[in-house]
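Visitor: First the structure, which I've put down as structure tokens, then a few questions once you've had a look.
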Amino acid sequence: MKVHHLNCGTMHPVLTPEGLVCHVLLVETDNGLVLIDSGLGLKDAADPRGRFGEARFLVRPVFDENEAAVRQVARLGFDPHDVRHIVLTHFDADHTGGLADFPWAQVHLTAAENFAALHPRGRVERGRYLPSHRAHGPVLVEHTPDQGESWRGFAGAEELSGIAPGIVLINLPGHTRGHAAVAVDTGDGWILHVGDSFYHRGQIDGTGGAPRALTLMEHFIAADRPRVKANHERLSELWRTADPDLLLVNAHDPLLLRRGQNREP
């Protein structure tokens, strides 16, 4: 499968010189196009408060319509209606903002994440799970990767064969209750998109070079801090191994986005 690495939203948290991106994968399959996350969307600029909540003051998003996935899909020469599936790592606003631009697409997520979004606990979850991102009535498809077999040392995974062989949803809670990673088999190797399991490569590459503002934000909004730490440890192992068959990316590190773009055919 051919994969395009897109930046579908730029953000500028304080004391974060590189800024943040919203790293979205566009996957070409035999059954149409698939998005992994959706980034920011066309509706966000018109209603920052309702679409992004208080988090907009922390991450300071740039609402640029040219970065919206629906615009980039069209610029690549595709019909946006060919995006038939969107697989979410989780339901935070910077990952679901583009859903409303593809109302015909099925939206796949873990059952645990959908339950958390519908039944938020505490201030953090009430602020992160915004009703505006469901207002267009998306067709949500729940999955239970926690009940599946392991995948490269991760405890549970489910191949989304109903979408296309070689797309795997991996149970990776911590950042949110139902957070997941998504692996895509490109034919020449795997891309592992771990969403917000870490924000900056300095958290897993052994340098400790992540901006303090990001590590504090991660700590503050984590649903399960011990699991976040455990995820860092497992991802650090993958980073050290540097398997040429595996490209590790996340949702927000600009360097990892560029690495992915540089490996595109």
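Within each chain, counting starts at residue 1; across the structure tokens, chains are named A, B, ... in the order shown, with ligands numbered 1 upward in that order.
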Determine, counting only C-alpha atoms, which protein, DNA and RNA residues have an atom within 12 Å of an atom of A:Arg259; residues of the same chain fewer than 3 positions away are not included. Present the result as a ChimeraX atom specification.
Guide: /A:4-6,23,191,247-250,253-256,262-264
Visitor: For A:Arg60, list every protein, DNA or RNA residue within 9 Å, evaluated using only C-alpha atoms, and leave out those in the same chain fewer than 6 positions away; present the list as a list in words.
Guide: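 These residues fall inside the cut-off: Thr10, Met11, His12, Pro13 and Val14 of chain A.
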Visitor: Output the selection as a PDB file, in the first residue's frame - all heavy atoms for each residue.
Guide:
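Dumped to part_28.pdb:
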```
ATOM      1  N   THR A  10      -0.880  22.696  12.168  1.00  0.00           N
ATOM      2  CA  THR A  10       0.324  23.195  12.822  1.00  0.00           C
ATOM      3  C   THR A  10      -0.059  23.850  14.137  1.00  0.00           C
ATOM      4  O   THR A  10      -1.053  24.583  14.212  1.00  0.00           O
ATOM      5  CB  THR A  10       1.047  24.208  11.917  1.00  0.00           C
ATOM      6  OG1 THR A  10       1.410  23.549  10.692  1.00  0.00           O
ATOM      7  CG2 THR A  10       2.296  24.765  12.587  1.00  0.00           C
ATOM      8  N   MET A  11       0.750  23.599  15.193  1.00  0.00           N
ATOM      9  CA  MET A  11       0.478  24.157  16.510  1.00  0.00           C
ATOM     10  C   MET A  11       1.780  24.700  17.102  1.00  0.00           C
ATOM     11  O   MET A  11       2.863  24.203  16.793  1.00  0.00           O
ATOM     12  CB  MET A  11      -0.132  23.100  17.425  1.00  0.00           C
ATOM     13  CG  MET A  11      -1.447  22.529  16.885  1.00  0.00           C
ATOM     14  SD  MET A  11      -2.224  21.273  17.938  1.00  0.00           S
ATOM     15  CE  MET A  11      -1.130  19.867  17.667  1.00  0.00           C
ATOM     16  N   HIS A  12       1.658  25.714  17.943  1.00  0.00           N
ATOM     17  CA  HIS A  12       2.828  26.391  18.506  1.00  0.00           C
ATOM     18  C   HIS A  12       2.704  26.549  20.018  1.00  0.00           C
ATOM     19  O   HIS A  12       2.506  27.657  20.525  1.00  0.00           O
ATOM     20  CB  HIS A  12       3.005  27.768  17.849  1.00  0.00           C
ATOM     21  CG  HIS A  12       3.312  27.716  16.386  1.00  0.00           C
ATOM     22  ND1 HIS A  12       4.536  27.350  15.894  1.00  0.00           N
ATOM     23  CD2 HIS A  12       2.515  27.968  15.306  1.00  0.00           C
ATOM     24  CE1 HIS A  12       4.510  27.383  14.570  1.00  0.00           C
ATOM     25  NE2 HIS A  12       3.296  27.748  14.182  1.00  0.00           N
ATOM     26  N   PRO A  13       2.860  25.456  20.775  1.00  0.00           N
ATOM     27  CA  PRO A  13       2.863  25.600  22.235  1.00  0.00           C
ATOM     28  C   PRO A  13       4.048  26.467  22.674  1.00  0.00           C
ATOM     29  O   PRO A  13       5.082  26.524  22.006  1.00  0.00           O
ATOM     30  CB  PRO A  13       3.039  24.158  22.736  1.00  0.00           C
ATOM     31  CG  PRO A  13       2.709  23.293  21.567  1.00  0.00           C
ATOM     32  CD  PRO A  13       3.052  24.072  20.343  1.00  0.00           C
ATOM     33  N   VAL A  14       3.889  27.124  23.803  1.00  0.00           N
ATOM     34  CA  VAL A  14       4.980  27.943  24.321  1.00  0.00           C
ATOM     35  C   VAL A  14       6.186  27.060  24.635  1.00  0.00           C
ATOM     36  O   VAL A  14       6.044  25.872  24.955  1.00  0.00           O
ATOM     37  CB  VAL A  14       4.540  28.719  25.588  1.00  0.00           C
ATOM     38  CG1 VAL A  14       3.439  29.703  25.256  1.00  0.00           C
ATOM     39  CG2 VAL A  14       4.107  27.759  26.686  1.00  0.00           C
TER      40      VAL A  14
END
```
Visitor: What's around A:Gln203 at 10 Å? Count only C-alpha atoms, leave out sequence neighbours fewer than 3 positions away in its own chain, and write the answer as a list of chain:residue names.
Guide: A:Phe198, A:Tyr199, A:His200, A:Gly206, A:Thr207, A:Gly208, A:Gly209, A:Ala210, A:Pro211, A:Leu214, A:Thr215, A:Lys229, A:His232, A:Glu233, A:Leu235, A:Ser236
Visitor: Show me, as a PyMOL selection string, the residues that have an atom within 8 Å of A:Arg128 when counting only C-alpha atoms, minus same-chain residues fewer than 3 positions from it.
Guide: chain A and resi 53+55+91-93+124-125
